[in-house]
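Report on one structure; see the data block that follows.
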Amino acid sequence: MKIENQRLAEKALQYLLVGSQMDGIKFTCEVSAISLTFTHYDRKEDDAFVLTIETEWTVYDDVPLVYPSSEKEVPAHTEEQHFKHIWDIKRQKVVNVQLGHRSPHLIISFESGSILFVNGHDPNYEC
């Protein structure tokens with residue numbers, strides 16, 4: 001990803017997500033996919049932002065030393081463990097959003113210090 005495209009994408013994601021709260025979850029018919037809803041309760045003009053995740057993801061309690069570089073490196077979790085991760089960050093405000101440097105991994109930071117990491121690397125498809 002070109003650096004100017006990365007910066008533009010990060011600015012757009014920051015506008016859409018920073019200050020919002022993750023307040024909804026929808027399990028899709030595909031076992032590996034999930035949709036998370038983020039809502040700004042202090043901005044009346046904005047609708048909810050829905051993030052559909054179709055790749056590996058995890059929630060860290062704090063910033064890891066190194067983020068995974070591919071789907072294979074993302075810690076494997078059961079559906080119950082994923083639900084617990086989401087439960088732990090529900091209604092927390094988003095304080096930062098960034099994209100990975102080598103691949104467009106989505107990294108969402110919450111007020112508690114927890115981080116939602118969504119893999120953005122795929123050798124066969126554009127993420």
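Following the order of the structure tokens, first chain is A, next is B, and so on, with residues numbered from 1 inside each chain and ligands from 1 in the order they appear.
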Handout entry: Which of range 41-70 of chain A fall in strand (DSSP E or B), as a ChimeraX atom specification
Key = /A:49-53,57-60
Handout entry: Who sits within 9 Å of Leu116 in chain A, only C-alpha atoms, same chain under 5 positions skipped, as number ranges by chain
Key = A: 57-60, 85-86, 89, 106-110
Would you save the residues of that selection, restricted to N, CA and C atoms, as a short mmCIF file (atom, residue, chain, number, x, y, z; two decimals), in the first residue's frame?
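Written file, out-v4.cif:
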```cif
data_model
loop_
_atom_site.label_atom_id
_atom_site.label_comp_id
_atom_site.auth_asym_id
_atom_site.auth_seq_id
_atom_site.Cartn_x
_atom_site.Cartn_y
_atom_site.Cartn_z
N TRP A 57 -8.82 -12.58 13.35
CA TRP A 57 -8.74 -11.39 14.19
C TRP A 57 -8.58 -11.82 15.64
N THR A 58 -8.17 -10.88 16.47
CA THR A 58 -8.05 -11.14 17.90
C THR A 58 -8.13 -9.82 18.64
N VAL A 59 -8.27 -9.90 19.94
CA VAL A 59 -8.24 -8.72 20.81
C VAL A 59 -7.08 -8.91 21.78
N TYR A 60 -6.22 -7.91 21.85
CA TYR A 60 -5.10 -7.91 22.80
C TYR A 60 -5.49 -7.04 23.99
N HIS A 85 -13.98 -11.96 23.87
CA HIS A 85 -13.17 -10.79 23.50
C HIS A 85 -14.07 -9.59 23.18
N ILE A 86 -15.10 -9.82 22.40
CA ILE A 86 -16.03 -8.75 22.04
C ILE A 86 -16.76 -8.24 23.28
N ILE A 89 -14.78 -5.70 25.26
CA ILE A 89 -14.57 -4.34 24.72
C ILE A 89 -15.87 -3.62 24.41
N LEU A 106 -5.92 -3.92 10.22
CA LEU A 106 -6.70 -2.90 10.91
C LEU A 106 -6.45 -3.03 12.40
N ILE A 107 -6.03 -1.94 13.02
CA ILE A 107 -5.68 -1.93 14.44
C ILE A 107 -6.52 -0.85 15.11
N ILE A 108 -7.47 -1.28 15.94
CA ILE A 108 -8.39 -0.35 16.61
C ILE A 108 -8.08 -0.37 18.11
N SER A 109 -7.73 0.79 18.66
CA SER A 109 -7.40 0.90 20.08
C SER A 109 -8.58 1.46 20.86
N PHE A 110 -8.83 0.87 22.03
CA PHE A 110 -9.94 1.27 22.89
C PHE A 110 -9.42 1.97 24.14
#
```
Exercise for the section: Name all residues at most 12 Å from Glu73 in chain A (count only C-alpha atoms; drop same-chain ones fewer than 2 positions away) and give them as a PyMOL selection string. Expected result: chain A and resi 56-58+66-71+75-76+117-121
Go ahead and save the residues from that selection, with C-alpha atoms, as a CSV table (one decimal), in the first residue's frame.
```csv
chain,number,residue,atom,x,y,z
A,56,GLU,CA,-8.6,-13.9,11.3
A,57,TRP,CA,-8.7,-11.4,14.2
A,58,THR,CA,-8.0,-11.1,17.9
A,66,VAL,CA,4.9,-7.4,17.4
A,67,TYR,CA,1.7,-7.7,15.5
A,68,PRO,CA,1.1,-10.8,13.4
A,69,SER,CA,2.2,-10.4,9.8
A,70,SER,CA,-0.2,-12.9,8.3
A,71,GLU,CA,-3.4,-14.9,9.1
A,75,PRO,CA,-3.8,-16.6,17.7
A,76,ALA,CA,-6.5,-19.2,17.0
A,117,PHE,CA,-6.4,-6.5,15.5
A,118,VAL,CA,-7.9,-7.6,12.1
A,119,ASN,CA,-5.5,-9.4,9.7
A,120,GLY,CA,-5.1,-7.5,6.5
A,121,HIS,CA,-2.7,-9.8,4.6
```
Handout entry: Closest of A:Leu51, A:Asp61, A:Asp23, A:Ala9 to Trp87 in chain A - atom-to-atom distances counting only C-alpha atoms
Key =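 Ranking A:Leu51, A:Asp61, A:Asp23, A:Ala9 by distance to Trp87 in chain A, first place goes to A:Asp23.
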Practice task
Would you mind reading off the distance between CA of Thr39 in chain A and CA of Val18 in chain A, one decimal, in Å?
Solution key: 10.0 Å
Practice task
Please report, as an MDAnalysis selection string, each residue of range 4-89 of chain A to which DSSP assigns alpha helix (DSSP H) when run on this structure's backbone.
Solution key: chainID A and resid 4:17 79:89
Practice task
Kindly indicate which residue among A:Gln14, A:Val74, A:Gln6, A:Met22 lies nearest to Tyr41 in chain A, using only C-alpha atoms for the distances.
Solution key: A:Met22
